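A.B. asks: Would you mind keeping the following structure in view while I ask a few things?
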Amino acid sequence: MKHLLAIFTICITLGLQAQELPKGLAPNERDANFLQSIGVIGNPYQNKTAQATIHTTPPSFNVRTMAEWEEIEALTITWSTNYGITEEIILTQIVEHAINECDVIIICNNQNTVAGYLASQGISSPNIHYIEADYNNIWMRDYGQNTVYKNDVEDRLLVDWIYNRNRPYDDLVPEHIATHLNIDMYNTTQPPYDLMATGGNFMSDGMGTAFSSKLIEDENSGGYAWNGPSGNVFYPNHTISEIENIMQEFMGIDTYIIMETLPYDGIHHIDMHMKLLDEETILMAEYPAGVADGPQIEANLQYVLNNYNSAFGTGYKIVRIPSPPSSGGYYPDNNGYYRTYTNSVFINNTVLVPFYREEYDTTAQRIYEEALPGYNIVGIDVDDSGTNLISYSGAIHCITHSVGVDEPLLIQHQSLEDTNPQANYVVSANIQHNSGIATANLYFTTDLSLGYNPPISMSNITGNNWEANIPGTITSGSTVYYYIEATANSGKTINRPMPAPTGYFDFKILNNTTEIKDGIDTKLSVFPNPASAITCIPVSISHKTQVTIFLVDVLGQHISLIFEGELPTGESKYFIDARQYHSGVYNIVLETATGRSTQKLIIQ
């Protein structure tokens with residue numbers, strides 16, 4: 001249902017060359033005359049022949065997209081070896097670690113060849129499954145399947161979007177996987193639900209919130225584009241409201257957070273600079289001040305923090321991870337590759353992370369281990385001679401995808417924050433399974449070396465909500481480590497975090513102290529600067545007071561009012577869209593009853 005016969009003719013004509021397409025567009029993908037000469041016209045997504053049970057209208061029931069940290073049945077990869085680098089080395093390491101956690105499904109041309117190579121590396125497992133099928137490329141994340149569940153935890157389904165490259169064999173891969181696993185699939189291929197999207201530009205919290213860059217708007221801007229941002233492909237034509245509606249109906253996405261694209265990231269996939277670690281924690285790439293995409297990443301982040309809350313109704317927690325430069329010190333704004341540590345993949349209790357050089361990798365490893373205690377953090381070199389996958393603008397997340405388990409046992413929990421001493425500390429969670437929940441237990445300790453205290457039974461408060469209390473007899477200054485265990489009526493048991501008891505949530509019992517500050521200080525800044533899109537204006541003040549923040553040109557003429565009113569103590573952030581103003585030099589002015597501060601802003 002996605003491609004005319006003429007599109008398939010492309011791959012027949014190209015033969016093995018079709019497998020050599022890089023993540024960027026190959027010359028024949030850009031060549032309108034070539035495609036016209038072999039008869040590619042109209043909408044190429046109308047007549048794809050399906051093998052699996054395919055639906056092209058939305059589910060008639062509520063659905064929920066799984067989060068990446070949920071339990072998976074299988075990791076899927078494409079065994080492509082036509083990049084001129086030794087991809088087998090990277091793919092072999094992925095298989096080696098993944099088979100300890102789940103099944104591995106390998107799309108390949110010849111399973112005997114792949115199995116023989118893996119055996120030569122000492123890898124053989126009943127957890128490895130092969131699907132012999134044609135493919136175009138290695139970038140499984142972008143064209144692969146998405147797991148959704150009926151009514152949160154019931155029937156497992158797969159959703160497939162239109163791939164934003166003219167790689168028809170790749171676009172069929174999700175159907176091969178659906179057929180292999182006997183799972184129904186919903187495809188966004190037919191108007192009015194035709195949606196083009198890529199997996200590297202989508203991240204879900206498992207609770208109805210998802211993130212993408214504005215690439216999702218470009219991919220659905222309409223027309224047949226020969227030289228557009230997605231190459232020579234047919235774009236569906238949708239407003240942002242229509243895109244959000246399709247995501248809601250097929251994926252259960254109620255809050256769709258769309259951020260500015262980044263100047264130096266040519267593919268505009270958010271997995272190159274951010275990753276959700278849980279329902280309320282964002283791992284965000286960091287650059288030295290003013291370097292590469294650092295300013296726009298920060299502006300996007302502050303936009304999110306000031307306009308959206310996590311699914312729990314609280315602000316997102318941010319973990320920053322430095323992006324490494326080349327060996328010569330170059331970043332993407334100076335011809336360096338887009339090296340990233342956020343392009344990682346959860347495989348149940350293991351997280352595979354792209355590695356580059358030891359002096360940076362050790363820091364990345366520590367950040368992951370501190371953010372995800374108990375998980376097995378495994379680095380895979382994607383920047384070495386002969387295996388330089390990152391030079392193609394992709395890493396580990398880009399070449400893998402997953403299929404969630406059938407009948408998941410879902411535990412969603414907002415971890416406790418550091419707090420002053422309380423009478424008790426309430427731990428609550430949303431716990432669900434298709435068969436119902438038999439028991440749920442809370443384990444805690446203040447000393448991991450001594451193990452956990454006997455479990456505390458959690459009570460079903462209402463619906464799927466369960467609670468238990470950690471007693472308030474813990475000494476101030478202590479750190480409390482805890483995890484949740486649930487058992488379904490079917491007998492299935494799972495922990496949250498998944499690798500517990502080695503994994504855990506934690507919070508500190510603080511002393512009852514408050515900090516009092518004297519004097520009044522203000523601080524005004526702006527980024528990115530120069531600006532060309534959404535621009536963040538952080539303002540810090542030591543005492544709440546009435547302020548006016550406005551934009552003036554170089555002659556001091558008032559251009560626009562940004563904020564007027566009482567500014568609270570601490571930092572507040574305001575935003576302007578630089579596209580609304582002419583290019584030039586401006587000043588942002590912060591005015592109080594006792595004076596003013598200014599900050600120069602250049603709009604490109």
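Identifiers for the structure tokens are assigned positionally: chains receive A, B, ... in sequence, residues are indexed from 1 per chain, and ligands are indexed from 1 in the order shown.
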Could you give me the residues within segment 164-386 of chain A that DSSP places in helix (DSSP H, G or I), as a PyMOL selection string?

C.D. replies: chain A and resi 168-181+199-201+215-218+240-251+270-272+294-307+332-334+358-371

A.B. asks: Would you mind listing what lies within 8 Å of Tyr163 of chain A as a short mmCIF file (atom, residue, chain, number, x, y, z; two decimals) with N, CA and C atoms, in the first residue's frame, with only C-alpha atoms counted and same-chain residues fewer than 3 positions away left out?

C.D. replies:
```cif
data_model
loop_
_atom_site.label_atom_id
_atom_site.label_comp_id
_atom_site.auth_asym_id
_atom_site.auth_seq_id
_atom_site.Cartn_x
_atom_site.Cartn_y
_atom_site.Cartn_z
N ASP A 142 14.69 4.18 11.63
CA ASP A 142 13.90 5.15 10.87
C ASP A 142 12.74 4.51 10.13
N TYR A 143 12.91 3.29 9.65
CA TYR A 143 11.83 2.66 8.90
C TYR A 143 11.17 1.51 9.65
N ASN A 166 13.09 7.24 -0.48
CA ASN A 166 12.53 6.36 -1.49
C ASN A 166 13.29 5.03 -1.47
N ARG A 167 13.11 4.29 -0.39
CA ARG A 167 13.74 2.99 -0.19
C ARG A 167 12.64 1.97 0.07
N ASP A 171 10.88 0.07 3.50
CA ASP A 171 9.54 0.42 3.95
C ASP A 171 8.66 -0.82 4.15
N MET A 196 4.04 10.67 7.09
CA MET A 196 5.45 10.35 6.93
C MET A 196 6.18 10.71 8.21
N ALA A 197 6.98 9.79 8.72
CA ALA A 197 7.74 10.05 9.94
C ALA A 197 8.91 9.09 10.00
N THR A 198 9.89 9.42 10.84
CA THR A 198 11.06 8.57 11.00
C THR A 198 11.29 8.28 12.49
#
```

A.B. asks: Skip segment 272-279 of chain A itself and residues of its chain fewer than 6 positions away, then list as a PyMOL selection string all residues within 10 Å of it, counting only C-alpha atoms.

C.D. replies: chain A and resi 67-70+200-207+209-211+262+265+285-286+293-294+297+301+310-312+316-321+323+338-346+368+371-372+393-395+397-398+412-415+497

A.B. asks: Quick one, how far is atom CA of Ile162 of chain A from atom CA of Asp194 of chain A?

C.D. replies: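 According to the coordinates, atom CA of Ile162 of chain A and atom CA of Asp194 of chain A are separated by 7.5 Å.
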
A.B. asks: Contacts of segment 429-445 of chain A at 6 Å or less, counting only C-alpha atoms, minus same-chain residues fewer than 2 places along, as a list of chain:residue names?

C.D. replies: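 Listing them by chain and then by number gives A:Val153, A:Glu154, A:Leu409, A:Leu410, A:Ile411, A:Gln412, A:His413, A:Asp447, A:Tyr452, A:Asn453, A:Pro455, A:Ile456, A:Ser457, A:Met458, A:Asn464, A:Asn465, A:Trp466, A:Val480, A:Tyr481, A:Tyr482, A:Tyr483, A:Ile484, A:Glu485, A:Ala486, A:Thr487, A:Ala488, A:Asn489, A:Ser490.
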
A.B. asks: Would you mind exporting N, CA and C atoms of the selected residues as an mmCIF file, in the first residue's frame?

C.D. replies:
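What ended up in selection.cif:
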```cif
data_model
loop_
_atom_site.group_PDB
_atom_site.id
_atom_site.type_symbol
_atom_site.label_atom_id
_atom_site.label_comp_id
_atom_site.auth_asym_id
_atom_site.auth_seq_id
_atom_site.Cartn_x
_atom_site.Cartn_y
_atom_site.Cartn_z
ATOM 1 N N VAL A 153 -2.371 -2.132 28.090
ATOM 2 C CA VAL A 153 -1.627 -3.380 28.310
ATOM 3 C C VAL A 153 -2.287 -4.588 27.655
ATOM 4 N N GLU A 154 -3.234 -4.354 26.764
ATOM 5 C CA GLU A 154 -3.925 -5.496 26.157
ATOM 6 C C GLU A 154 -3.213 -5.909 24.867
ATOM 7 N N LEU A 409 3.637 -6.284 31.686
ATOM 8 C CA LEU A 409 3.304 -5.924 33.061
ATOM 9 C C LEU A 409 3.876 -4.524 33.260
ATOM 10 N N LEU A 410 2.993 -3.547 33.300
ATOM 11 C CA LEU A 410 3.382 -2.141 33.249
ATOM 12 C C LEU A 410 3.436 -1.545 34.647
ATOM 13 N N ILE A 411 4.582 -0.944 34.981
ATOM 14 C CA ILE A 411 4.721 -0.176 36.228
ATOM 15 C C ILE A 411 5.183 1.226 35.849
ATOM 16 N N GLN A 412 4.355 2.207 36.111
ATOM 17 C CA GLN A 412 4.713 3.603 35.870
ATOM 18 C C GLN A 412 4.798 4.312 37.208
ATOM 19 N N HIS A 413 5.949 4.937 37.464
ATOM 20 C CA HIS A 413 6.196 5.494 38.801
ATOM 21 C C HIS A 413 6.973 6.790 38.710
ATOM 22 N N ASP A 447 21.073 1.392 53.149
ATOM 23 C CA ASP A 447 22.454 0.898 53.023
ATOM 24 C C ASP A 447 22.433 -0.292 52.065
ATOM 25 N N TYR A 452 18.110 -5.136 51.230
ATOM 26 C CA TYR A 452 16.833 -4.450 51.399
ATOM 27 C C TYR A 452 16.071 -4.993 52.604
ATOM 28 N N ASN A 453 15.277 -4.121 53.200
ATOM 29 C CA ASN A 453 14.387 -4.526 54.284
ATOM 30 C C ASN A 453 13.315 -5.475 53.747
ATOM 31 N N PRO A 455 9.898 -6.828 52.353
ATOM 32 C CA PRO A 455 8.999 -6.058 51.483
ATOM 33 C C PRO A 455 7.790 -5.511 52.229
ATOM 34 N N ILE A 456 7.340 -4.352 51.785
ATOM 35 C CA ILE A 456 6.118 -3.733 52.285
ATOM 36 C C ILE A 456 5.046 -3.930 51.223
ATOM 37 N N SER A 457 3.931 -4.532 51.589
ATOM 38 C CA SER A 457 2.858 -4.772 50.631
ATOM 39 C C SER A 457 2.240 -3.441 50.199
ATOM 40 N N MET A 458 2.074 -3.282 48.898
ATOM 41 C CA MET A 458 1.407 -2.109 48.374
ATOM 42 C C MET A 458 -0.095 -2.380 48.305
ATOM 43 N N ASN A 464 -5.942 1.416 38.873
ATOM 44 C CA ASN A 464 -4.621 0.798 38.744
ATOM 45 C C ASN A 464 -3.584 1.424 39.660
ATOM 46 N N ASN A 465 -4.014 2.248 40.604
ATOM 47 C CA ASN A 465 -3.102 2.957 41.501
ATOM 48 C C ASN A 465 -2.814 2.141 42.753
ATOM 49 N N TRP A 466 -1.529 1.975 43.019
ATOM 50 C CA TRP A 466 -1.066 1.221 44.187
ATOM 51 C C TRP A 466 -0.150 2.103 45.022
ATOM 52 N N VAL A 480 17.660 7.117 50.725
ATOM 53 C CA VAL A 480 16.767 5.963 50.683
ATOM 54 C C VAL A 480 16.795 5.391 49.267
ATOM 55 N N TYR A 481 17.073 4.082 49.195
ATOM 56 C CA TYR A 481 17.066 3.362 47.928
ATOM 57 C C TYR A 481 15.844 2.450 47.917
ATOM 58 N N TYR A 482 15.118 2.423 46.796
ATOM 59 C CA TYR A 482 13.916 1.599 46.786
ATOM 60 C C TYR A 482 13.563 1.139 45.371
ATOM 61 N N TYR A 483 12.736 0.096 45.291
ATOM 62 C CA TYR A 483 12.196 -0.351 44.001
ATOM 63 C C TYR A 483 10.849 -1.002 44.223
ATOM 64 N N ILE A 484 10.124 -1.204 43.134
ATOM 65 C CA ILE A 484 8.774 -1.767 43.170
ATOM 66 C C ILE A 484 8.779 -3.105 42.434
ATOM 67 N N GLU A 485 8.123 -4.082 43.029
ATOM 68 C CA GLU A 485 7.962 -5.394 42.405
ATOM 69 C C GLU A 485 6.474 -5.680 42.260
ATOM 70 N N ALA A 486 6.069 -6.173 41.086
ATOM 71 C CA ALA A 486 4.657 -6.499 40.874
ATOM 72 C C ALA A 486 4.544 -7.882 40.254
ATOM 73 N N THR A 487 3.495 -8.601 40.645
ATOM 74 C CA THR A 487 3.197 -9.925 40.093
ATOM 75 C C THR A 487 1.768 -9.922 39.579
ATOM 76 N N ALA A 488 1.598 -10.356 38.325
ATOM 77 C CA ALA A 488 0.274 -10.409 37.710
ATOM 78 C C ALA A 488 -0.440 -11.696 38.105
ATOM 79 N N ASN A 489 -1.733 -11.725 37.910
ATOM 80 C CA ASN A 489 -2.502 -12.942 38.181
ATOM 81 C C ASN A 489 -2.030 -14.106 37.311
ATOM 82 N N SER A 490 -1.430 -13.793 36.164
ATOM 83 C CA SER A 490 -0.905 -14.832 35.278
ATOM 84 C C SER A 490 0.356 -15.477 35.825
#
```

A.B. asks: Can you list every residue in segment 293-458 of chain A that DSSP puts in strand (DSSP E), as JSON, numbers by chain?

C.D. replies: {"A": [317, 318, 319, 320, 321, 322, 345, 346, 347, 350, 351, 352, 353, 354, 355, 376, 377, 378, 379, 380, 381, 401, 402, 403, 404, 410, 411, 412, 424, 425, 426, 427, 428, 429, 430, 431, 432, 437, 438, 439, 440, 441, 442, 443, 444, 445, 456, 457]}

A.B. asks: Segment 132-194 of chain A near segment 54-64 of chain A within 7 Å: what's each residue's closest atom pair and its distance in Å to one decimal, counting only C-alpha atoms, ordered by chain then ascending residue number, as CSV?

C.D. replies:
```
residue,atom,partner,partner_atom,distance
A:Val148,CA,A:Arg64,CA,5.3
A:Tyr149,CA,A:Arg64,CA,5.2
A:Lys150,CA,A:Val63,CA,4.6
A:Asn151,CA,A:Asn62,CA,5.2
A:Asp152,CA,A:Arg64,CA,5.2
A:Asp184,CA,A:Ile54,CA,6.3
A:Met185,CA,A:Ile54,CA,5.0
A:Tyr186,CA,A:His55,CA,4.7
A:Asn187,CA,A:Thr56,CA,5.1
A:Thr188,CA,A:Thr56,CA,6.0
A:Thr189,CA,A:Thr56,CA,6.4
A:Gln190,CA,A:Thr56,CA,6.1
```

A.B. asks: Counting only C-alpha atoms, give me one row per residue of segment 350-453 of chain A with an atom at most 10 Å from an atom of segment 80-98 of chain A, showing the shortest contact pair and its distance in Å to one decimal, sorted by chain then residue number, as CSV.

C.D. replies:
```
residue,atom,partner,partner_atom,distance
A:Thr350,CA,A:Ala98,CA,7.9
A:Val351,CA,A:His97,CA,9.4
A:Leu352,CA,A:Ile94,CA,7.7
A:Pro354,CA,A:Ile90,CA,9.9
A:Asn376,CA,A:His97,CA,9.8
A:Val378,CA,A:His97,CA,8.3
A:Gly379,CA,A:Gln93,CA,9.6
A:Ile380,CA,A:Ile90,CA,7.0
A:Asp381,CA,A:Ile90,CA,7.5
A:Val382,CA,A:Ile90,CA,7.2
A:Asp384,CA,A:Ile85,CA,10.0
A:Ser385,CA,A:Ile85,CA,8.5
A:Gly386,CA,A:Ile85,CA,5.1
A:Thr387,CA,A:Thr86,CA,5.2
A:Asn388,CA,A:Ile85,CA,6.8
A:Leu389,CA,A:Glu87,CA,7.5
A:Tyr392,CA,A:Tyr83,CA,9.1
A:Ala395,CA,A:Ile90,CA,9.6
A:Ile396,CA,A:Ile94,CA,8.4
A:Ile399,CA,A:Leu91,CA,8.7
A:Thr400,CA,A:Ile94,CA,8.8
```

A.B. asks: Just N, CA, C and O atoms for this one: save the residues we selected as a CSV table (one decimal), in the first residue's frame.

C.D. replies:
```csv
chain,number,residue,atom,x,y,z
A,350,THR,N,20.0,-3.9,29.8
A,350,THR,CA,21.2,-3.4,29.2
A,350,THR,C,20.9,-2.2,28.4
A,350,THR,O,19.9,-2.0,27.8
A,351,VAL,N,21.9,-1.2,28.4
A,351,VAL,CA,21.8,-0.1,27.5
A,351,VAL,C,23.1,0.0,26.7
A,351,VAL,O,24.2,0.0,27.2
A,352,LEU,N,23.0,-0.1,25.3
A,352,LEU,CA,24.1,0.0,24.4
A,352,LEU,C,24.3,1.5,24.1
A,352,LEU,O,23.4,2.2,23.6
A,354,PRO,N,26.8,4.5,22.1
A,354,PRO,CA,27.9,4.7,21.1
A,354,PRO,C,29.2,5.3,21.8
A,354,PRO,O,29.0,6.2,22.6
A,376,ASN,N,23.2,-2.4,32.9
A,376,ASN,CA,24.5,-2.8,32.3
A,376,ASN,C,24.8,-1.9,31.1
A,376,ASN,O,24.1,-2.0,30.1
A,378,VAL,N,26.9,-0.6,28.2
A,378,VAL,CA,27.9,-1.2,27.3
A,378,VAL,C,28.2,-0.2,26.2
A,378,VAL,O,27.3,0.2,25.5
A,379,GLY,N,29.5,0.1,26.0
A,379,GLY,CA,29.9,1.0,25.0
A,379,GLY,C,30.3,0.2,23.7
A,379,GLY,O,30.9,-0.8,23.8
A,380,ILE,N,29.9,0.7,22.6
A,380,ILE,CA,30.3,0.1,21.3
A,380,ILE,C,30.9,1.2,20.4
A,380,ILE,O,30.2,2.2,20.2
A,381,ASP,N,32.1,1.0,20.0
A,381,ASP,CA,32.9,2.0,19.2
A,381,ASP,C,32.3,2.1,17.9
A,381,ASP,O,32.2,1.2,17.1
A,382,VAL,N,31.8,3.4,17.5
A,382,VAL,CA,31.3,3.6,16.2
A,382,VAL,C,32.1,4.7,15.5
A,382,VAL,O,31.7,5.2,14.4
A,384,ASP,N,35.8,4.2,15.0
A,384,ASP,CA,37.1,3.6,14.9
A,384,ASP,C,37.4,3.4,13.4
A,384,ASP,O,36.5,3.3,12.6
A,385,SER,N,38.7,3.3,13.1
A,385,SER,CA,39.1,3.0,11.7
A,385,SER,C,38.4,1.7,11.2
A,385,SER,O,38.5,0.7,11.9
A,386,GLY,N,37.7,1.8,10.1
A,386,GLY,CA,37.1,0.6,9.6
A,386,GLY,C,35.7,0.4,10.1
A,386,GLY,O,34.9,-0.4,9.5
A,387,THR,N,35.3,1.1,11.1
A,387,THR,CA,33.9,0.9,11.7
A,387,THR,C,33.3,2.3,12.0
A,387,THR,O,32.7,2.5,13.0
A,388,ASN,N,33.6,3.3,11.1
A,388,ASN,CA,33.3,4.7,11.4
A,388,ASN,C,31.8,4.9,11.0
A,388,ASN,O,31.5,5.7,10.0
A,389,LEU,N,30.9,4.3,11.7
A,389,LEU,CA,29.5,4.5,11.4
A,389,LEU,C,29.0,5.9,11.6
A,389,LEU,O,28.1,6.4,10.9
A,392,TYR,N,28.4,8.5,8.9
A,392,TYR,CA,27.2,8.5,8.1
A,392,TYR,C,26.0,9.1,8.9
A,392,TYR,O,24.8,8.9,8.6
A,395,ALA,N,24.2,6.2,14.8
A,395,ALA,CA,25.0,5.3,15.7
A,395,ALA,C,24.1,4.2,16.1
A,395,ALA,O,23.3,3.6,15.3
A,396,ILE,N,24.1,3.8,17.4
A,396,ILE,CA,23.5,2.5,17.8
A,396,ILE,C,22.0,2.6,17.8
A,396,ILE,O,21.3,1.7,17.3
A,399,ILE,N,20.4,2.2,14.2
A,399,ILE,CA,20.5,0.9,13.4
A,399,ILE,C,19.8,-0.2,14.2
A,399,ILE,O,19.9,-1.4,13.8
A,400,THR,N,19.0,0.1,15.2
A,400,THR,CA,18.2,-0.9,16.0
A,400,THR,C,16.8,-0.4,16.2
A,400,THR,O,16.5,0.8,16.1
```

A.B. asks: As a ChimeraX atom specification, please: the residues near segment 587-599 of chain A (cut-off 9 Å, only C-alpha atoms, same-chain neighbours under 5 positions excluded).

C.D. replies: /A:522-526,537,539,545-554,556,562

A.B. asks: Skipping near chain neighbours, those fewer than 2 positions away, what residues fall within 12 Å of Thr53 of chain A using only C-alpha atoms, listed as a list of chain:residue names?

C.D. replies: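 Skipping anything fewer than 2 positions along the chain leaves A:Thr49, A:Ala50, A:Gln51, A:His55, A:Thr56, A:Leu157, A:Leu158, A:Val159, A:Pro174, A:Glu175, A:His176, A:Ile177, A:Ala178, A:Thr179, A:His180, A:Leu181, A:Asn182, A:Ile183, A:Asp184, A:Met185, A:Tyr186, A:Asn187.
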
A.B. asks: Just to be explicit: take each residue in the selection above, keep C-alpha atoms, and write the result as an mmCIF file, in the first residue's frame.

C.D. replies:
```cif
data_model
loop_
_atom_site.group_PDB
_atom_site.id
_atom_site.type_symbol
_atom_site.label_atom_id
_atom_site.label_comp_id
_atom_site.auth_asym_id
_atom_site.auth_seq_id
_atom_site.Cartn_x
_atom_site.Cartn_y
_atom_site.Cartn_z
ATOM 1 C CA THR A 49 1.126 -5.394 -1.215
ATOM 2 C CA ALA A 50 0.979 -6.493 2.405
ATOM 3 C CA GLN A 51 1.802 -9.872 3.888
ATOM 4 C CA HIS A 55 -5.159 -1.824 8.755
ATOM 5 C CA THR A 56 -4.983 1.632 7.197
ATOM 6 C CA LEU A 157 0.044 -4.070 17.761
ATOM 7 C CA LEU A 158 2.589 -2.548 15.409
ATOM 8 C CA VAL A 159 2.345 0.844 13.709
ATOM 9 C CA PRO A 174 7.959 -3.762 9.415
ATOM 10 C CA GLU A 175 5.488 -5.965 7.577
ATOM 11 C CA HIS A 176 8.009 -8.810 7.403
ATOM 12 C CA ILE A 177 8.472 -8.483 11.169
ATOM 13 C CA ALA A 178 4.714 -8.324 11.783
ATOM 14 C CA THR A 179 4.281 -11.475 9.683
ATOM 15 C CA HIS A 180 7.135 -13.243 11.479
ATOM 16 C CA LEU A 181 5.612 -12.499 14.896
ATOM 17 C CA ASN A 182 1.971 -12.774 13.765
ATOM 18 C CA ILE A 183 1.084 -9.280 14.960
ATOM 19 C CA ASP A 184 -1.555 -7.030 13.405
ATOM 20 C CA MET A 185 -0.204 -3.814 11.938
ATOM 21 C CA TYR A 186 -1.659 -0.349 11.457
ATOM 22 C CA ASN A 187 -0.111 1.658 8.607
#
```

A.B. asks: Find the residues around Tyr135 of chain A up to 9 Å (only C-alpha atoms counted), leave out those fewer than 4 positions away in its own chain, and share them as an MDAnalysis selection string.

C.D. replies: chainID A and resid 18:19 78 80 107:109 167:173

A.B. asks: Have a look at A:His269, A:Lys600, A:Arg156, A:Lys573 and name the one nearest to Val304 of chain A; count only C-alpha atoms.

C.D. replies: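 Result for the nearest residue to Val304 of chain A: A:Lys573.
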
A.B. asks: Go through A:Gly477, A:Gly570, A:Gly374, A:Pro324 one by one, measure the shortest atom-to-atom distance of each to Ile390 of chain A using only C-alpha atoms, and give the residue with the smallest value.

C.D. replies: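 With only C-alpha atoms as the atom set, the closest residue is A:Pro324.
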